[in-house]
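Q: Would you mind keeping the following structure in view while I ask a few things?
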Amino acid sequence: MKILSIQSHVAYGHAGNSAAVFPLQRLGHDVYPVLTVTFSNHTGYGPARGPLIAPDDVREVINGVEDRGAVPQIDAVLSGYQGAESVGEIILDAVARVKAANPEAIYCCDPVMGDVGRGFFVREGIPEYMRDEVVPKADIVTPNQFELEFLVGRTLATQADVDAAAKELRGRGPRVVVVTSVLTTDTPEGSIQMACYSDEGAWVVTTPMLPMDVKGGGDVTAAIFLAHYLTDGPKAALSRTAATMYAVLEKTHAAGSGEMLLVTEQEEIAHPKEVFEMSAIS
């Protein structure tokens with residue numbers, strides 16, 4: 001498969017395309033990375049050096065990919081953090097162009113806005129833009145529970161609440177909703193969950209919660225889910241994504257690393273050990 005990934009880039013660490021591209025490639029997909037920023041590091045380290053890429057320059061890179069005749073062969077577009085509406089408009093234009101050339105192509109959007117404990121970390125107006133303009137045009141969305149709560153406008157206390165919210169979100173356009181970092185009153189103690197909702201069914205998978213905070217995990221999750229979804233569908237994608245993310249994060253925590261050990265633990269990306277049971281959601 002060929003994937004156009006329009007995201008940020010950091011030289012040090014793993015975030016945006018610096019988190020997503022290697023797992024996609026390790027799983028056998030060709031990736032066309034388009035950068036929206038090129039920073040020294042992600043902001044988890046504090047101030048970063050390097051430039052924002054001007055929206056017109058982002059568009060020009062996409063135009064250049066189109067000049068090479070690649071657009072009709074693109075199977076999916078992947079996006080993450082969108083720092084401004086102007087960048088979002090360019091991403092949506094790229095999605096429209098790809099789908100015009102290949103109607104079977106899909107758009108996977110990680111609607112990056114915030115998280116529990118941190119709140120929103122995007123600039124004012126971006127959450128509303130994601131909710132009203134971007135998410136309805138996506139085929140796959142991968143919000144965390146905090147982001148899903150914003151998208152539907154209410155707190156989600158139980159698994160049934162999450163199920164109803166995902167169903168509502170699917171009614172707005174996305175065919176597949178993947179909810180990460182699920183913690184409800186139904187989540188087993190010491191665990192964290194991930195759930196997937198699609199036309200083919202809905203499932204939830206439970207993994208142990210690790211005492212760590214890692215940047216870029218959502219970027220890797222979206223990329224790995226998309227990679228497996230393209231070849232094997234939503235159920236297998238959920239199982240393999242949960243298995244990979246837990247294995248990589250467990251090894252990262254054991255090593256005391258502040259950055260995910262994506263390269264060191266690449267076998268967990270290529271050949272995940274699917275040891276966590278999935279439960280069907282009725």
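Following the order of the structure tokens, chains are lettered A, B, ..., residues in each are numbered from 1, and ligands are numbered from 1.
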If you run DSSP on the backbone, which residues of range 34-182 of chain A are strand (DSSP E or B), as JSON, numbers by chain?
A: {"A": [34, 35, 36, 37, 38, 39, 40, 41, 52, 76, 77, 78, 79, 106, 107, 108, 109, 114, 115, 119, 120, 140, 141, 144, 176, 177, 178, 179, 180, 181, 182]}
Q: Do a neighbour search on Ala48 in chain A at 6 Å with only C-alpha atoms, toss out local chain neighbours closer than 2 positions, and write the hits as a list in words.
A: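 Those residues are Phe39, Ser40 and Asn41 of chain A.
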Q: Between CA of Gly44 in chain A and CA of Tyr107 in chain A, what is the spacing in Å?
A: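 Taking CA of Tyr107 in chain A as the start and CA of Gly44 in chain A as the end point, the length is 27.5 Å.
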Q: If we count only C-alpha atoms, what is near range 173-176 of chain A at a cut-off of 9 Å, once residues fewer than 2 positions away on the same chain are taken out, given as a PDB file with N, CA and C atoms, in the first residue's frame?
A:
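New file part21.pdb:
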ATOM      1  N   VAL A 135     -13.175  15.933  10.976  1.00  0.00           N
ATOM      2  CA  VAL A 135     -13.671  14.604  11.357  1.00  0.00           C
ATOM      3  C   VAL A 135     -14.787  14.103  10.438  1.00  0.00           C
ATOM      4  N   PRO A 136     -15.759  14.936  10.037  1.00  0.00           N
ATOM      5  CA  PRO A 136     -16.818  14.419   9.154  1.00  0.00           C
ATOM      6  C   PRO A 136     -16.317  13.934   7.796  1.00  0.00           C
ATOM      7  N   LYS A 137     -15.128  14.362   7.387  1.00  0.00           N
ATOM      8  CA  LYS A 137     -14.594  13.970   6.082  1.00  0.00           C
ATOM      9  C   LYS A 137     -13.649  12.778   6.168  1.00  0.00           C
ATOM     10  N   ALA A 138     -13.410  12.296   7.382  1.00  0.00           N
ATOM     11  CA  ALA A 138     -12.490  11.168   7.568  1.00  0.00           C
ATOM     12  C   ALA A 138     -13.221   9.838   7.450  1.00  0.00           C
ATOM     13  N   ASP A 139     -12.493   8.815   7.008  1.00  0.00           N
ATOM     14  CA  ASP A 139     -13.014   7.445   6.989  1.00  0.00           C
ATOM     15  C   ASP A 139     -12.691   6.728   8.291  1.00  0.00           C
ATOM     16  N   ILE A 140     -11.527   7.033   8.864  1.00  0.00           N
ATOM     17  CA  ILE A 140     -11.097   6.476  10.145  1.00  0.00           C
ATOM     18  C   ILE A 140     -10.686   7.635  11.040  1.00  0.00           C
ATOM     19  N   VAL A 141     -11.169   7.637  12.287  1.00  0.00           N
ATOM     20  CA  VAL A 141     -10.694   8.610  13.273  1.00  0.00           C
ATOM     21  C   VAL A 141     -10.212   7.856  14.503  1.00  0.00           C
ATOM     22  N   THR A 142      -9.173   8.396  15.151  1.00  0.00           N
ATOM     23  CA  THR A 142      -8.562   7.687  16.281  1.00  0.00           C
ATOM     24  C   THR A 142      -8.436   8.607  17.496  1.00  0.00           C
ATOM     25  N   ALA A 166     -19.179   6.770  20.219  1.00  0.00           N
ATOM     26  CA  ALA A 166     -18.570   6.296  18.973  1.00  0.00           C
ATOM     27  C   ALA A 166     -19.626   6.097  17.899  1.00  0.00           C
ATOM     28  N   LEU A 169     -20.511   9.463  16.583  1.00  0.00           N
ATOM     29  CA  LEU A 169     -19.457   9.997  15.726  1.00  0.00           C
ATOM     30  C   LEU A 169     -19.472   9.321  14.362  1.00  0.00           C
ATOM     31  N   ARG A 170     -19.714   8.017  14.341  1.00  0.00           N
ATOM     32  CA  ARG A 170     -19.804   7.312  13.057  1.00  0.00           C
ATOM     33  C   ARG A 170     -20.963   7.848  12.227  1.00  0.00           C
ATOM     34  N   GLY A 171     -22.005   8.300  12.889  1.00  0.00           N
ATOM     35  CA  GLY A 171     -23.134   8.870  12.166  1.00  0.00           C
ATOM     36  C   GLY A 171     -22.824  10.185  11.479  1.00  0.00           C
ATOM     37  N   VAL A 178     -11.768   4.533  16.313  1.00  0.00           N
ATOM     38  CA  VAL A 178     -10.894   3.841  17.262  1.00  0.00           C
ATOM     39  C   VAL A 178     -10.686   4.783  18.446  1.00  0.00           C
ATOM     40  N   CYS A 196     -12.699  -0.321  19.118  1.00  0.00           N
ATOM     41  CA  CYS A 196     -12.868  -0.066  17.689  1.00  0.00           C
ATOM     42  C   CYS A 196     -14.316  -0.317  17.304  1.00  0.00           C
ATOM     43  N   TYR A 197     -14.874   0.584  16.508  1.00  0.00           N
ATOM     44  CA  TYR A 197     -16.266   0.498  16.064  1.00  0.00           C
ATOM     45  C   TYR A 197     -16.288   0.624  14.542  1.00  0.00           C
ATOM     46  N   SER A 198     -16.937  -0.333  13.880  1.00  0.00           N
ATOM     47  CA  SER A 198     -16.951  -0.351  12.421  1.00  0.00           C
ATOM     48  C   SER A 198     -18.201  -1.058  11.921  1.00  0.00           C
ATOM     49  N   ASP A 199     -18.390  -1.060  10.609  1.00  0.00           N
ATOM     50  CA  ASP A 199     -19.511  -1.797  10.015  1.00  0.00           C
ATOM     51  C   ASP A 199     -19.390  -3.289  10.259  1.00  0.00           C
ATOM     52  N   PRO A 234     -10.589  -4.122  10.361  1.00  0.00           N
ATOM     53  CA  PRO A 234     -10.562  -3.461  11.673  1.00  0.00           C
ATOM     54  C   PRO A 234     -10.285  -4.367  12.863  1.00  0.00           C
TER      55      PRO A 234
END
Q: Got a sec: who's within 10 Å of range 250-261 of chain A, counting only C-alpha atoms, leaving out chain neighbours fewer than 2 positions off, as an MDAnalysis selection string?
A: chainID A and resid 12:15 19 208:217 220 244:248 263:266
Q: Need to verify the contact set: Val98 in chain A, 12 Å, only C-alpha atoms, exclusion of same-chain residues closer than 5 positions in sequence. Can you return it as a PyMOL selection string?
A: chain A and resi 2-4+62-63+65-66+69-78+91-93+103-107
Q: Keeping only N, CA, C and O atoms, take the residues you just selected and write them out as a short mmCIF file (atom, residue, chain, number, x, y, z; two decimals), in the first residue's frame.
A:
data_model
loop_
_atom_site.label_atom_id
_atom_site.label_comp_id
_atom_site.auth_asym_id
_atom_site.auth_seq_id
_atom_site.Cartn_x
_atom_site.Cartn_y
_atom_site.Cartn_z
N LYS A 2 0.31 2.34 -0.51
CA LYS A 2 1.03 3.61 -0.56
C LYS A 2 0.25 4.63 0.27
O LYS A 2 -0.96 4.80 0.07
N ILE A 3 0.95 5.30 1.17
CA ILE A 3 0.30 6.18 2.14
C ILE A 3 0.93 7.57 2.10
O ILE A 3 2.16 7.70 2.20
N LEU A 4 0.09 8.58 1.95
CA LEU A 4 0.52 9.97 2.03
C LEU A 4 0.32 10.42 3.47
O LEU A 4 -0.81 10.48 3.95
N ILE A 62 2.96 18.62 -1.93
CA ILE A 62 1.90 17.71 -2.39
C ILE A 62 1.72 17.82 -3.90
O ILE A 62 1.55 16.81 -4.60
N ASN A 63 1.79 19.06 -4.41
CA ASN A 63 1.70 19.25 -5.86
C ASN A 63 2.83 18.51 -6.57
O ASN A 63 2.64 17.93 -7.65
N VAL A 65 4.38 15.79 -5.53
CA VAL A 65 4.06 14.36 -5.51
C VAL A 65 3.06 14.05 -6.63
O VAL A 65 3.19 13.04 -7.34
N GLU A 66 2.10 14.94 -6.80
CA GLU A 66 1.11 14.75 -7.87
C GLU A 66 1.78 14.82 -9.24
O GLU A 66 1.43 14.06 -10.16
N GLY A 69 2.98 11.72 -10.76
CA GLY A 69 1.97 10.74 -11.14
C GLY A 69 1.63 9.76 -10.05
O GLY A 69 1.04 8.70 -10.32
N ALA A 70 1.96 10.10 -8.79
CA ALA A 70 1.79 9.14 -7.70
C ALA A 70 0.38 9.12 -7.13
O ALA A 70 -0.02 8.13 -6.50
N VAL A 71 -0.38 10.20 -7.28
CA VAL A 71 -1.65 10.33 -6.57
C VAL A 71 -2.63 9.18 -6.86
O VAL A 71 -3.26 8.66 -5.93
N PRO A 72 -2.80 8.74 -8.10
CA PRO A 72 -3.76 7.64 -8.33
C PRO A 72 -3.39 6.34 -7.65
O PRO A 72 -4.25 5.48 -7.46
N GLN A 73 -2.12 6.18 -7.26
CA GLN A 73 -1.68 4.95 -6.59
C GLN A 73 -1.76 5.04 -5.07
O GLN A 73 -1.52 4.05 -4.38
N ILE A 74 -2.10 6.21 -4.52
CA ILE A 74 -2.16 6.37 -3.08
C ILE A 74 -3.40 5.66 -2.54
O ILE A 74 -4.51 5.87 -3.01
N ASP A 75 -3.19 4.81 -1.52
CA ASP A 75 -4.28 4.04 -0.92
C ASP A 75 -4.88 4.72 0.31
O ASP A 75 -6.01 4.43 0.68
N ALA A 76 -4.10 5.59 0.95
CA ALA A 76 -4.59 6.23 2.16
C ALA A 76 -3.84 7.52 2.42
O ALA A 76 -2.66 7.66 2.07
N VAL A 77 -4.55 8.46 3.06
CA VAL A 77 -3.94 9.68 3.58
C VAL A 77 -4.02 9.61 5.10
O VAL A 77 -5.06 9.24 5.66
N LEU A 78 -2.92 9.94 5.76
CA LEU A 78 -2.86 9.94 7.23
C LEU A 78 -2.49 11.33 7.70
O LEU A 78 -1.57 11.96 7.17
N ILE A 91 -4.75 19.72 3.90
CA ILE A 91 -4.89 18.28 4.07
C ILE A 91 -6.20 17.80 3.45
O ILE A 91 -6.23 16.80 2.72
N LEU A 92 -7.28 18.51 3.71
CA LEU A 92 -8.58 18.10 3.15
C LEU A 92 -8.58 18.21 1.63
O LEU A 92 -9.19 17.37 0.95
N ASP A 93 -7.88 19.21 1.09
CA ASP A 93 -7.75 19.32 -0.36
C ASP A 93 -6.97 18.13 -0.92
O ASP A 93 -7.34 17.56 -1.96
N PRO A 103 -10.96 6.38 -6.01
CA PRO A 103 -12.14 6.39 -5.13
C PRO A 103 -12.08 5.38 -3.98
O PRO A 103 -12.84 5.50 -3.03
N GLU A 104 -11.20 4.39 -4.08
CA GLU A 104 -11.06 3.41 -3.00
C GLU A 104 -10.16 3.89 -1.87
O GLU A 104 -10.07 3.24 -0.82
N ALA A 105 -9.47 5.00 -2.06
CA ALA A 105 -8.56 5.51 -1.05
C ALA A 105 -9.32 5.96 0.19
O ALA A 105 -10.49 6.35 0.12
N ILE A 106 -8.66 5.89 1.35
CA ILE A 106 -9.31 6.28 2.60
C ILE A 106 -8.48 7.35 3.30
O ILE A 106 -7.28 7.50 3.05
N TYR A 107 -9.15 8.08 4.19
CA TYR A 107 -8.49 9.12 4.99
C TYR A 107 -8.57 8.74 6.45
O TYR A 107 -9.65 8.58 7.00
#
Q: Could you jot down the CA of Pro55 in chain A to CA of Thr36 in chain A separation for me, Å, one decimal place?
A: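 Taking CA of Pro55 in chain A and CA of Thr36 in chain A, their separation equals 7.6 Å.
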Q: Residues of range 65-104 of chain A that have any atom at most 7 Å from an atom of range 109-126 of chain A: could you tabulate them with the shortest-distance atom pair and the distance in Å to one decimal, using only C-alpha atoms, ordered by chain and increasing number, as a Markdown table?
A:
| residue | atom | partner | partner_atom | distance |
| --- | --- | --- | --- | --- |
| A:Leu78 | CA | A:Cys109 | CA | 5.9 |
| A:Ser79 | CA | A:Cys109 | CA | 5.1 |
| A:Gly80 | CA | A:Asp110 | CA | 4.8 |
| A:Tyr81 | CA | A:Val112 | CA | 5.1 |
| A:Gly83 | CA | A:Val122 | CA | 6.8 |
| A:Ala84 | CA | A:Ile126 | CA | 6.7 |
| A:Glu85 | CA | A:Ile126 | CA | 6.9 |
Q: If you count only C-alpha atoms, which residues fall within 12 Å of Leu183 in chain A, apart from same-chain ones fewer than 6 positions away, as JSON, numbers by chain?
A: {"A": [116, 144, 145, 146, 155, 156, 157, 158, 159, 161, 162, 189, 190, 191, 192, 193, 194, 195, 204, 205, 206, 207, 208, 209]}
Q: Please save N, CA, C and O atoms of the selected residues as a compact mmCIF listing (two decimals), in the first residue's frame.
A:
# COMPACT_ATOMS: atom_id res chain seq x y z
N VAL A 116 -6.27 13.88 28.89
CA VAL A 116 -6.60 14.00 30.30
C VAL A 116 -5.37 14.51 31.05
O VAL A 116 -4.24 14.05 30.82
N ASN A 144 -8.47 9.92 21.40
CA ASN A 144 -8.43 9.36 22.74
C ASN A 144 -9.75 9.70 23.44
O ASN A 144 -10.59 10.42 22.88
N GLN A 145 -9.95 9.20 24.63
CA GLN A 145 -11.25 9.41 25.29
C GLN A 145 -11.52 10.89 25.54
O GLN A 145 -12.65 11.36 25.37
N PHE A 146 -10.51 11.63 25.93
CA PHE A 146 -10.67 13.08 26.14
C PHE A 146 -11.16 13.76 24.87
O PHE A 146 -12.07 14.60 24.91
N THR A 155 -19.28 14.15 28.97
CA THR A 155 -18.39 13.25 29.69
C THR A 155 -18.82 11.80 29.46
O THR A 155 -20.01 11.49 29.39
N LEU A 156 -17.83 10.92 29.35
CA LEU A 156 -18.09 9.50 29.10
C LEU A 156 -17.60 8.71 30.30
O LEU A 156 -16.40 8.49 30.47
N ALA A 157 -18.54 8.28 31.14
CA ALA A 157 -18.17 7.64 32.41
C ALA A 157 -18.12 6.13 32.32
O ALA A 157 -17.37 5.49 33.08
N THR A 158 -18.91 5.53 31.44
CA THR A 158 -19.01 4.08 31.36
C THR A 158 -18.65 3.59 29.96
O THR A 158 -18.59 4.39 29.01
N GLN A 159 -18.47 2.28 29.83
CA GLN A 159 -18.23 1.73 28.51
C GLN A 159 -19.41 1.98 27.59
O GLN A 159 -19.25 2.27 26.40
N ASP A 161 -21.31 4.55 27.64
CA ASP A 161 -21.19 5.95 27.20
C ASP A 161 -20.24 6.06 26.02
O ASP A 161 -20.50 6.79 25.04
N VAL A 162 -19.10 5.37 26.11
CA VAL A 162 -18.12 5.39 25.01
C VAL A 162 -18.74 4.79 23.75
O VAL A 162 -18.58 5.32 22.65
N GLU A 189 -9.36 -2.57 37.14
CA GLU A 189 -8.35 -1.81 37.88
C GLU A 189 -6.95 -2.16 37.37
O GLU A 189 -6.63 -3.31 37.10
N GLY A 190 -6.13 -1.13 37.21
CA GLY A 190 -4.77 -1.32 36.74
C GLY A 190 -4.65 -1.55 35.26
O GLY A 190 -3.58 -1.94 34.77
N SER A 191 -5.74 -1.29 34.52
CA SER A 191 -5.76 -1.55 33.09
C SER A 191 -6.14 -0.29 32.32
O SER A 191 -6.58 0.71 32.88
N ILE A 192 -5.96 -0.36 31.02
CA ILE A 192 -6.39 0.68 30.10
C ILE A 192 -6.94 -0.02 28.86
O ILE A 192 -6.55 -1.17 28.57
N GLN A 193 -7.84 0.62 28.15
CA GLN A 193 -8.52 -0.06 27.04
C GLN A 193 -8.45 0.72 25.74
O GLN A 193 -8.22 1.94 25.73
N MET A 194 -8.67 0.00 24.66
CA MET A 194 -8.79 0.57 23.33
C MET A 194 -9.98 -0.10 22.67
O MET A 194 -10.16 -1.32 22.81
N ALA A 195 -10.80 0.67 21.98
CA ALA A 195 -12.01 0.12 21.37
C ALA A 195 -12.10 0.53 19.92
O ALA A 195 -11.63 1.61 19.53
N VAL A 204 -13.49 -4.32 22.12
CA VAL A 204 -12.65 -3.61 23.08
C VAL A 204 -11.55 -4.56 23.54
O VAL A 204 -11.78 -5.77 23.70
N VAL A 205 -10.34 -4.02 23.70
CA VAL A 205 -9.21 -4.82 24.16
C VAL A 205 -8.62 -4.13 25.38
O VAL A 205 -8.52 -2.90 25.44
N THR A 206 -8.26 -4.95 26.37
CA THR A 206 -7.76 -4.44 27.65
C THR A 206 -6.30 -4.85 27.84
O THR A 206 -5.95 -6.01 27.64
N THR A 207 -5.46 -3.89 28.20
CA THR A 207 -4.05 -4.16 28.47
C THR A 207 -3.68 -3.56 29.82
O THR A 207 -4.34 -2.63 30.30
N PRO A 208 -2.61 -4.06 30.45
CA PRO A 208 -2.16 -3.44 31.70
C PRO A 208 -1.77 -1.98 31.47
O PRO A 208 -1.23 -1.62 30.42
N MET A 209 -2.03 -1.15 32.47
CA MET A 209 -1.61 0.25 32.41
C MET A 209 -0.19 0.37 32.92
O MET A 209 0.12 -0.10 34.02
Q: Can you tell me, as JSON, numbers by chain, which residues in range 151-226 of chain A count as helix (DSSP H, G or I) by DSSP?
A: {"A": [151, 152, 159, 160, 161, 162, 163, 164, 165, 166, 167, 168, 169, 170, 217, 218, 219, 220, 221, 222, 223, 224, 225, 226]}
Q: Deliver the residues from the most recent selection as a file, using N, CA, C and O atoms, as a compact mmCIF listing (two decimals), in the first residue's frame.
A:
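Result saved to again.txt:
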# COMPACT_ATOMS: atom_id res chain seq x y z
N LEU A 151 -15.60 15.85 21.11
CA LEU A 151 -16.28 15.72 19.82
C LEU A 151 -17.79 15.50 19.97
O LEU A 151 -18.57 15.94 19.12
N VAL A 152 -18.20 14.84 21.05
CA VAL A 152 -19.64 14.61 21.25
C VAL A 152 -20.24 15.53 22.30
O VAL A 152 -21.46 15.54 22.51
N GLN A 159 -18.47 2.28 29.83
CA GLN A 159 -18.23 1.73 28.51
C GLN A 159 -19.41 1.98 27.59
O GLN A 159 -19.25 2.27 26.40
N ALA A 160 -20.62 1.90 28.13
CA ALA A 160 -21.82 2.19 27.33
C ALA A 160 -21.81 3.62 26.83
O ALA A 160 -22.26 3.90 25.70
N ASP A 161 -21.31 4.55 27.64
CA ASP A 161 -21.19 5.95 27.20
C ASP A 161 -20.24 6.06 26.02
O ASP A 161 -20.50 6.79 25.04
N VAL A 162 -19.10 5.37 26.11
CA VAL A 162 -18.12 5.39 25.01
C VAL A 162 -18.74 4.79 23.75
O VAL A 162 -18.58 5.32 22.65
N ASP A 163 -19.46 3.67 23.92
CA ASP A 163 -20.09 3.01 22.77
C ASP A 163 -21.07 3.96 22.08
O ASP A 163 -21.08 4.07 20.84
N ALA A 164 -21.90 4.65 22.88
CA ALA A 164 -22.89 5.56 22.30
C ALA A 164 -22.22 6.73 21.61
O ALA A 164 -22.67 7.19 20.54
N ALA A 165 -21.14 7.24 22.20
CA ALA A 165 -20.42 8.36 21.59
C ALA A 165 -19.79 7.96 20.26
O ALA A 165 -19.83 8.72 19.28
N ALA A 166 -19.18 6.77 20.22
CA ALA A 166 -18.57 6.30 18.97
C ALA A 166 -19.63 6.10 17.90
O ALA A 166 -19.41 6.43 16.72
N LYS A 167 -20.77 5.57 18.28
CA LYS A 167 -21.87 5.40 17.33
C LYS A 167 -22.32 6.75 16.79
O LYS A 167 -22.55 6.90 15.58
N GLU A 168 -22.43 7.74 17.67
CA GLU A 168 -22.81 9.08 17.23
C GLU A 168 -21.79 9.65 16.26
O GLU A 168 -22.14 10.25 15.24
N LEU A 169 -20.51 9.46 16.58
CA LEU A 169 -19.46 10.00 15.73
C LEU A 169 -19.47 9.32 14.36
O LEU A 169 -19.30 9.99 13.33
N ARG A 170 -19.71 8.02 14.34
CA ARG A 170 -19.80 7.31 13.06
C ARG A 170 -20.96 7.85 12.23
O ARG A 170 -20.89 7.87 11.00
N GLY A 217 2.81 8.53 21.29
CA GLY A 217 2.13 7.24 21.29
C GLY A 217 0.89 7.23 20.41
O GLY A 217 0.62 6.24 19.73
N GLY A 218 0.14 8.31 20.42
CA GLY A 218 -1.05 8.38 19.57
C GLY A 218 -0.70 8.37 18.10
O GLY A 218 -1.43 7.79 17.28
N ASP A 219 0.42 9.00 17.74
CA ASP A 219 0.86 9.02 16.34
C ASP A 219 1.21 7.61 15.85
O ASP A 219 0.86 7.21 14.73
N VAL A 220 1.89 6.86 16.72
CA VAL A 220 2.26 5.48 16.37
C VAL A 220 1.00 4.61 16.30
O VAL A 220 0.84 3.79 15.38
N THR A 221 0.11 4.79 17.26
CA THR A 221 -1.12 3.99 17.29
C THR A 221 -1.93 4.17 16.00
O THR A 221 -2.37 3.18 15.40
N ALA A 222 -2.12 5.41 15.59
CA ALA A 222 -2.90 5.67 14.37
C ALA A 222 -2.23 5.05 13.15
O ALA A 222 -2.89 4.45 12.29
N ALA A 223 -0.90 5.17 13.07
CA ALA A 223 -0.18 4.63 11.92
C ALA A 223 -0.27 3.11 11.87
O ALA A 223 -0.53 2.52 10.80
N ILE A 224 -0.06 2.45 13.01
CA ILE A 224 -0.09 1.00 13.03
C ILE A 224 -1.49 0.47 12.75
O ILE A 224 -1.67 -0.50 12.01
N PHE A 225 -2.51 1.13 13.33
CA PHE A 225 -3.88 0.69 13.05
C PHE A 225 -4.17 0.83 11.56
O PHE A 225 -4.72 -0.11 10.94
N LEU A 226 -3.82 1.95 10.96
CA LEU A 226 -4.07 2.13 9.53
C LEU A 226 -3.35 1.08 8.71
O LEU A 226 -3.92 0.50 7.77
